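**Q** Quick one, run-v9.cif (mmCIF, C-alpha atoms (C1' of nucleotides)):
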```
data_entry
#
loop_
_atom_site.label_atom_id
_atom_site.label_comp_id
_atom_site.auth_asym_id
_atom_site.auth_seq_id
_atom_site.Cartn_x
_atom_site.Cartn_y
_atom_site.Cartn_z
CA MET A 1 78.00 28.52 27.38
CA LYS A 2 77.09 24.89 27.15
CA THR A 3 73.50 25.09 25.97
CA GLY A 4 73.57 28.39 24.16
CA LYS A 5 73.85 26.90 20.73
CA ARG A 6 70.91 24.59 21.08
CA ASN A 7 68.83 27.25 22.79
CA ARG A 8 69.41 29.63 19.96
CA LEU A 9 68.56 26.98 17.45
CA GLU A 10 65.50 25.93 19.40
CA SER A 11 64.11 29.42 19.50
CA ALA A 12 62.12 30.69 16.55
CA GLY A 13 63.40 30.93 13.02
CA TRP A 14 64.05 27.51 11.56
CA LYS A 15 64.02 28.34 7.92
CA LEU A 16 65.92 25.35 6.44
CA GLY A 17 68.40 22.63 7.15
CA SER A 18 67.47 22.18 10.78
CA ALA A 19 67.96 18.43 10.66
CA GLU A 20 71.53 18.79 9.47
CA ASP A 21 72.14 21.44 12.05
CA PHE A 22 70.92 19.13 14.78
CA LEU A 23 72.94 16.20 13.55
CA GLY A 24 75.98 18.38 13.28
CA LEU A 25 75.52 19.65 16.77
CA ASP A 26 74.98 16.21 18.19
CA SER A 27 78.07 14.65 16.66
CA GLU A 28 80.12 17.67 17.62
CA GLU A 29 78.82 17.43 21.14
CA ALA A 30 79.53 13.70 21.23
CA ALA A 31 83.09 14.30 20.08
CA LEU A 32 83.57 16.87 22.79
CA VAL A 33 82.28 14.48 25.43
CA SER A 34 84.56 11.72 24.21
CA ILE A 35 87.49 14.11 24.37
CA ARG A 36 86.59 14.98 27.92
CA VAL A 37 86.25 11.34 28.91
CA ALA A 38 89.57 10.48 27.29
CA LEU A 39 91.34 13.26 29.14
CA ALA A 40 89.70 12.28 32.41
CA GLY A 41 90.97 8.73 32.01
CA ARG A 42 94.49 9.82 31.22
CA LEU A 43 94.38 12.15 34.16
CA ARG A 44 93.50 9.34 36.54
CA ASP A 45 96.14 7.12 34.99
CA ARG A 46 98.79 9.74 35.49
CA ARG A 47 97.75 10.52 39.03
CA LEU A 48 97.80 6.89 40.09
CA LYS A 49 101.07 6.31 38.29
CA LEU A 50 102.58 9.12 40.33
CA GLY A 51 101.07 7.63 43.47
CA LEU A 52 99.18 10.77 44.33
CA SER A 53 95.85 11.03 46.08
CA GLN A 54 93.15 13.33 44.79
CA VAL A 55 93.92 15.59 47.72
CA ALA A 56 97.57 15.77 46.74
CA LEU A 57 96.75 16.59 43.16
CA ALA A 58 94.24 19.18 44.31
CA ARG A 59 96.96 20.84 46.32
CA LYS A 60 99.29 20.92 43.31
CA LEU A 61 96.51 22.50 41.28
CA GLY A 62 95.35 24.96 43.91
CA SER A 63 92.02 23.24 43.79
CA SER A 64 90.01 20.85 45.92
CA GLN A 65 89.60 17.09 46.22
CA SER A 66 86.00 17.28 45.14
CA ARG A 67 86.92 19.04 41.95
CA VAL A 68 89.56 16.47 41.14
CA ALA A 69 86.94 13.76 41.60
CA LYS A 70 84.65 15.62 39.21
CA MET A 71 87.47 15.96 36.69
CA GLU A 72 88.13 12.25 36.72
CA ALA A 73 84.42 11.59 36.41
CA ALA A 74 84.37 13.93 33.39
CA GLU A 75 81.40 15.73 34.87
CA PRO A 76 79.83 18.30 32.59
CA ASP A 77 80.75 21.26 34.76
CA VAL A 78 84.47 20.58 34.29
CA SER A 79 86.08 22.51 31.48
CA LEU A 80 88.69 21.31 29.05
CA ASP A 81 90.88 24.07 30.40
CA LEU A 82 90.83 22.53 33.84
CA LEU A 83 91.49 19.03 32.53
CA VAL A 84 94.42 20.17 30.42
CA ARG A 85 95.76 22.28 33.25
CA ALA A 86 95.66 19.23 35.49
CA MET A 87 97.50 17.11 32.94
CA LEU A 88 100.21 19.72 32.62
CA ALA A 89 100.43 20.02 36.40
CA MET A 90 101.20 16.31 36.51
CA GLY A 91 104.08 16.69 34.13
CA ALA A 92 102.34 15.96 30.86
CA LYS A 93 103.66 17.81 27.84
CA PRO A 94 101.38 19.33 25.20
CA SER A 95 102.27 16.39 22.97
CA ASP A 96 100.99 14.00 25.65
CA VAL A 97 97.75 15.92 25.85
CA GLY A 98 97.55 15.91 22.07
CA ARG A 99 97.93 12.15 21.97
CA ALA A 100 95.16 11.76 24.53
CA LEU A 101 92.91 13.91 22.35
CA ALA A 102 93.82 12.15 19.17
CA ALA A 103 92.82 8.84 20.74
CA ALA A 104 89.42 10.17 21.74
CA MET B 105 89.56 30.26 37.99
CA LYS B 106 92.55 31.62 36.16
CA THR B 107 94.48 33.26 38.96
CA GLY B 108 93.29 31.15 41.82
CA LYS B 109 96.36 28.99 41.96
CA ARG B 110 98.76 31.86 42.15
CA ASN B 111 96.57 33.74 44.59
CA ARG B 112 96.45 30.76 46.89
CA LEU B 113 100.17 30.34 46.59
CA GLU B 114 100.78 34.01 47.14
CA SER B 115 98.82 34.05 50.36
CA ALA B 116 100.56 33.04 53.56
CA GLY B 117 102.20 29.72 54.14
CA TRP B 118 105.28 29.28 52.01
CA LYS B 119 107.09 26.69 53.99
CA LEU B 120 109.41 25.23 51.33
CA GLY B 121 110.00 24.80 47.64
CA SER B 122 108.30 28.00 46.60
CA ALA B 123 110.68 28.66 43.75
CA GLU B 124 109.95 25.32 42.16
CA ASP B 125 106.26 25.84 42.63
CA PHE B 126 106.47 29.17 40.86
CA LEU B 127 108.53 27.80 38.02
CA GLY B 128 106.12 24.92 37.65
CA LEU B 129 103.20 27.25 37.52
CA ASP B 130 104.83 29.51 34.99
CA SER B 131 105.82 26.77 32.60
CA GLU B 132 102.40 25.18 32.95
CA GLU B 133 100.77 28.48 32.19
CA ALA B 134 103.10 29.03 29.24
CA ALA B 135 102.24 25.61 27.86
CA LEU B 136 98.57 26.38 28.15
CA VAL B 137 99.03 29.65 26.30
CA SER B 138 100.99 27.96 23.56
CA ILE B 139 98.25 25.36 23.22
CA ARG B 140 95.70 28.13 22.89
CA VAL B 141 97.76 29.95 20.31
CA ALA B 142 98.29 26.77 18.30
CA LEU B 143 94.59 26.02 18.26
CA ALA B 144 93.77 29.58 17.30
CA GLY B 145 96.08 29.36 14.32
CA ARG B 146 94.66 26.07 13.13
CA LEU B 147 91.20 27.48 13.55
CA ARG B 148 91.98 30.38 11.27
CA ASP B 149 93.66 28.08 8.77
CA ARG B 150 90.60 25.87 8.62
CA ARG B 151 88.19 28.74 8.35
CA LEU B 152 90.06 30.33 5.48
CA LYS B 153 90.51 26.99 3.77
CA LEU B 154 86.75 26.56 3.87
CA GLY B 155 86.33 30.06 2.50
CA LEU B 156 84.21 31.17 5.44
CA SER B 157 84.03 34.62 6.97
CA GLN B 158 84.12 35.05 10.72
CA VAL B 159 80.43 35.87 10.52
CA ALA B 160 79.71 32.59 8.74
CA LEU B 161 81.64 30.57 11.29
CA ALA B 162 79.93 32.44 14.11
CA ARG B 163 76.58 31.42 12.66
CA LYS B 164 77.67 27.79 12.50
CA LEU B 165 78.73 27.99 16.12
CA GLY B 166 75.71 29.91 17.36
CA SER B 167 78.11 32.64 18.36
CA SER B 168 79.12 36.07 17.18
CA GLN B 169 81.74 37.50 14.86
CA SER B 170 83.45 39.30 17.68
CA ARG B 171 83.92 36.07 19.60
CA VAL B 172 85.37 34.35 16.56
CA ALA B 173 87.84 37.22 16.23
CA LYS B 174 88.79 36.78 19.87
CA MET B 175 89.20 33.04 19.36
CA GLU B 176 91.59 33.56 16.48
CA ALA B 177 93.47 36.15 18.51
CA ALA B 178 93.71 33.59 21.34
CA GLU B 179 92.48 36.20 23.77
CA PRO B 180 92.57 35.15 27.40
CA ASP B 181 88.82 35.12 27.85
CA VAL B 182 88.44 32.38 25.25
CA SER B 183 88.31 28.88 26.69
CA LEU B 184 89.85 25.75 25.26
CA ASP B 185 86.33 24.36 25.17
CA LEU B 186 85.28 27.07 22.77
CA LEU B 187 88.34 26.65 20.57
CA VAL B 188 87.90 22.89 20.35
CA ARG B 189 84.19 23.28 19.73
CA ALA B 190 84.96 25.61 16.86
CA MET B 191 87.45 23.19 15.35
CA LEU B 192 84.91 20.38 15.50
CA ALA B 193 82.25 22.63 14.02
CA MET B 194 84.54 23.13 11.03
CA GLY B 195 84.83 19.42 10.45
CA ALA B 196 87.97 18.70 12.41
CA LYS B 197 88.12 15.31 14.09
CA PRO B 198 89.48 14.78 17.58
CA SER B 199 92.66 13.45 16.00
CA ASP B 200 93.07 16.74 14.12
CA VAL B 201 92.67 18.64 17.35
CA GLY B 202 95.11 16.30 19.01
CA ARG B 203 97.71 16.94 16.34
CA ALA B 204 97.27 20.69 16.77
CA LEU B 205 97.86 20.28 20.49
CA ALA B 206 100.82 17.98 20.08
CA ALA B 207 102.49 20.59 17.88
CA ALA B 208 102.07 23.31 20.48
"C1'" DG C 209 84.40 59.74 -2.85
"C1'" DT C 210 80.96 55.91 -0.60
"C1'" DC C 211 79.33 51.55 -0.21
"C1'" DA C 212 80.06 46.87 0.92
"C1'" DT C 213 82.52 43.28 3.21
"C1'" DG C 214 85.60 41.36 6.60
"C1'" DT C 215 87.94 41.88 10.83
"C1'" DA C 216 89.29 43.94 15.47
"C1'" DT C 217 88.24 45.78 20.11
"C1'" DG C 218 85.60 47.15 24.16
"C1'" DT C 219 81.68 46.55 27.08
"C1'" DC C 220 77.71 44.36 29.31
"C1'" DG C 221 74.28 41.21 31.44
"C1'" DA C 222 73.63 36.42 31.54
"C1'" DA C 223 75.34 31.92 31.95
"C1'" DA C 224 78.87 28.62 33.05
"C1'" DT C 225 82.80 27.19 35.84
"C1'" DT C 226 85.54 27.28 39.96
"C1'" DG C 227 87.30 26.34 44.70
"C1'" DA C 228 85.55 25.39 48.95
"C1'" DC C 229 82.87 23.10 52.10
"C1'" DA C 230 79.79 19.52 54.01
"C1'" DT C 231 78.75 15.09 53.82
"C1'" DA C 232 78.45 10.22 52.17
"C1'" DT C 233 80.52 5.83 51.02
"C1'" DA C 234 83.98 2.41 50.93
"C1'" DA C 235 88.08 -0.17 52.15
"C1'" DA C 236 91.78 -1.37 55.20
"C1'" DG C 237 94.11 -1.65 59.59
"C1'" DA C 238 94.01 -1.68 64.76
"C1'" DT D 239 84.05 -1.79 66.35
"C1'" DC D 240 86.49 2.55 65.75
"C1'" DT D 241 89.89 5.23 62.95
"C1'" DT D 242 91.99 6.53 59.08
"C1'" DT D 243 92.43 7.28 54.31
"C1'" DA D 244 90.67 7.77 49.68
"C1'" DT D 245 87.01 8.92 46.79
"C1'" DA D 246 82.23 10.51 45.52
"C1'" DT D 247 78.35 13.81 45.49
"C1'" DG D 248 75.73 18.05 46.29
"C1'" DT D 249 75.65 22.90 47.05
"C1'" DC D 250 77.06 27.76 46.99
"C1'" DA D 251 79.20 32.45 46.30
"C1'" DA D 252 82.73 34.35 43.58
"C1'" DT D 253 84.96 34.46 39.34
"C1'" DT D 254 85.22 33.61 34.46
"C1'" DT D 255 83.40 33.02 30.02
"C1'" DC D 256 79.75 33.68 26.98
"C1'" DG D 257 76.93 35.82 23.09
"C1'" DA D 258 75.55 40.11 21.73
"C1'" DC D 259 76.05 44.67 20.47
"C1'" DA D 260 78.39 48.98 19.21
"C1'" DT D 261 81.95 50.70 16.93
"C1'" DA D 262 86.42 51.26 14.61
"C1'" DC D 263 89.58 50.00 10.96
"C1'" DA D 264 90.79 48.17 6.85
"C1'" DT D 265 90.36 46.77 1.76
"C1'" DG D 266 88.22 46.72 -2.58
"C1'" DA D 267 84.43 47.58 -6.02
"C1'" DC D 268 81.89 50.96 -8.08
#
```
Written as structure tokens, that's how I'd like the structure from this file.

**A**
Amino acid sequence: MKTGKRNRLESAGWKLGSAEDFLGLDSEEAALVSIRVALAGRLRDRRLKLGLSQVALARKLGSSQSRVAKMEAAEPDVSLDLLVRAMLAMGAKPSDVGRALAAA
Amino acid sequence: MKTGKRNRLESAGWKLGSAEDFLGLDSEEAALVSIRVALAGRLRDRRLKLGLSQVALARKLGSSQSRVAKMEAAEPDVSLDLLVRAMLAMGAKPSDVGRALAAA
DNA sequence: GTCATGTATGTCGAAATTGACATATAAAGA
DNA sequence: TCTTTATATGTCAATTTCGACATACATGAC
């Protein structure tokens, strides 16, 4: 649930520390986005390096060209699971994925 | 979609190379599971190190104790997104998450 | 004992994600 | 120009994941 946290926080009950909560959420969210973007970039790199089209990668993944395009664009409706799955499908090892994350 | 790939592959059309496809899928799936398990372990480590209960972490996350338990058990209905989000919420940096992944 | 605290497990409706499809755009070759 | 190939964007029904809740199982303090 992407917005659940903020929704909960936005609904009644502030009490105390809301500013910190918001800041915490924002930086956490920013980190997550940067992780997604980093993975998306590595994914495109790997695909091109292997000389595959988005269609070809989609076939490997059991997915569709449009979804591959969304992955590489790091669109918000693409999960980390899907990005990591795609990396692994292109021969990346967990350590490769870890390096991509660490560089985010 | 967790089983989509296999389902698509299992439906008609084998043609050639099915064994390799299956092996590829299996090892990819195994890698994903091991990534999940690694993250789950680090998550628990961090939580305990911070002296937090599952309830306390759930509150930080805007989630529930039961979901935190499922995260730490690496249950299949817990996404990588949620695991990573939880790590970040406990102060981990992307590089920490990356190291956890690389060790998987 | 029982009360409190922390954790595990199962279920549910709601929300998010997925593959698929249609369609658009762009570049390159005939 | 007309094709072809690759990529982008928008939408949708089906599936998956979510937070929440109930409840069970421990462990420890009293």

**Q** Take the point (88.7, 50.5, 15.1) as written in the file and pick out every residue within 10 Å of it, counting only C-alpha atoms (C1' of nucleotides); give the list as a count of residues only.

**A** 7

**Q** Would you translate the PyMOL selection byres ((chain A) within 8 of (chain B)) into the concrete set of residues it matches in this file, as JSON, numbers by chain?

**A** {"A": [4, 5, 8, 9, 24, 25, 28, 31, 32, 35, 61, 62, 63, 79, 80, 81, 84, 85, 88, 89, 93, 94, 95, 96, 97, 98, 99, 100, 101, 102, 103, 104]}

**Q** Could you please tell me, as a VMD selection string, which residues of chain B have an atom within 8 Å of chain C when using only C-alpha atoms (C1' of nucleotides)?

**A** chain B and resid 105 157 to 158 170 173

**Q** What does the file look like for those residues with C-alpha atoms, as a PDB file, keeping the file's coordinate frame?

**A**
```pdb
ATOM      1  CA  MET B 105      89.560  30.260  37.990  1.00  0.00           C
ATOM      2  CA  SER B 157      84.030  34.620   6.970  1.00  0.00           C
ATOM      3  CA  GLN B 158      84.120  35.050  10.720  1.00  0.00           C
ATOM      4  CA  SER B 170      83.450  39.300  17.680  1.00  0.00           C
ATOM      5  CA  ALA B 173      87.840  37.220  16.230  1.00  0.00           C
TER       6      ALA B 173
END
```

**Q** Enumerate, in order of chain and increasing residue number, the residues of chain D with an atom no farther than 10 Å from chain B, each with its shortest atom pair and distance in Å to one decimal, counting all atoms listed in the file, as CSV.

**A**
```
residue,atom,partner,partner_atom,distance
D:DA252,C1',B:Met105,CA,9.7
D:DT253,C1',B:Met105,CA,6.4
D:DT254,C1',B:Met105,CA,6.5
D:DT255,C1',B:Asp181,CA,6.2
D:DC256,C1',B:Arg171,CA,8.8
D:DG257,C1',B:Ser167,CA,5.8
D:DA258,C1',B:Ser168,CA,7.1
D:DC259,C1',B:Ser170,CA,9.6
```

**Q** Just how far from CA of Val68 (chain A) is CA of Val33 (chain A), in Å to one decimal?

**A**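 Interatomic distance, CA of Val33 (chain A) to CA of Val68 (chain A): 17.4 Å.
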
**Q** Take CA of Ala73 (chain A) and CA of Arg44 (chain A) and report the distance between them in Å, one decimal.

**A**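 Computing the Euclidean distance for CA of Ala73 (chain A) and CA of Arg44 (chain A) yields 9.4 Å.
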
**Q** Using CA of Leu57 (chain A) and C1' of DC240 (chain D) as the two end points, give the distance in Å to one decimal.

**A**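 So the two atoms, CA of Leu57 (chain A) and C1' of DC240 (chain D), lie 28.5 Å apart.
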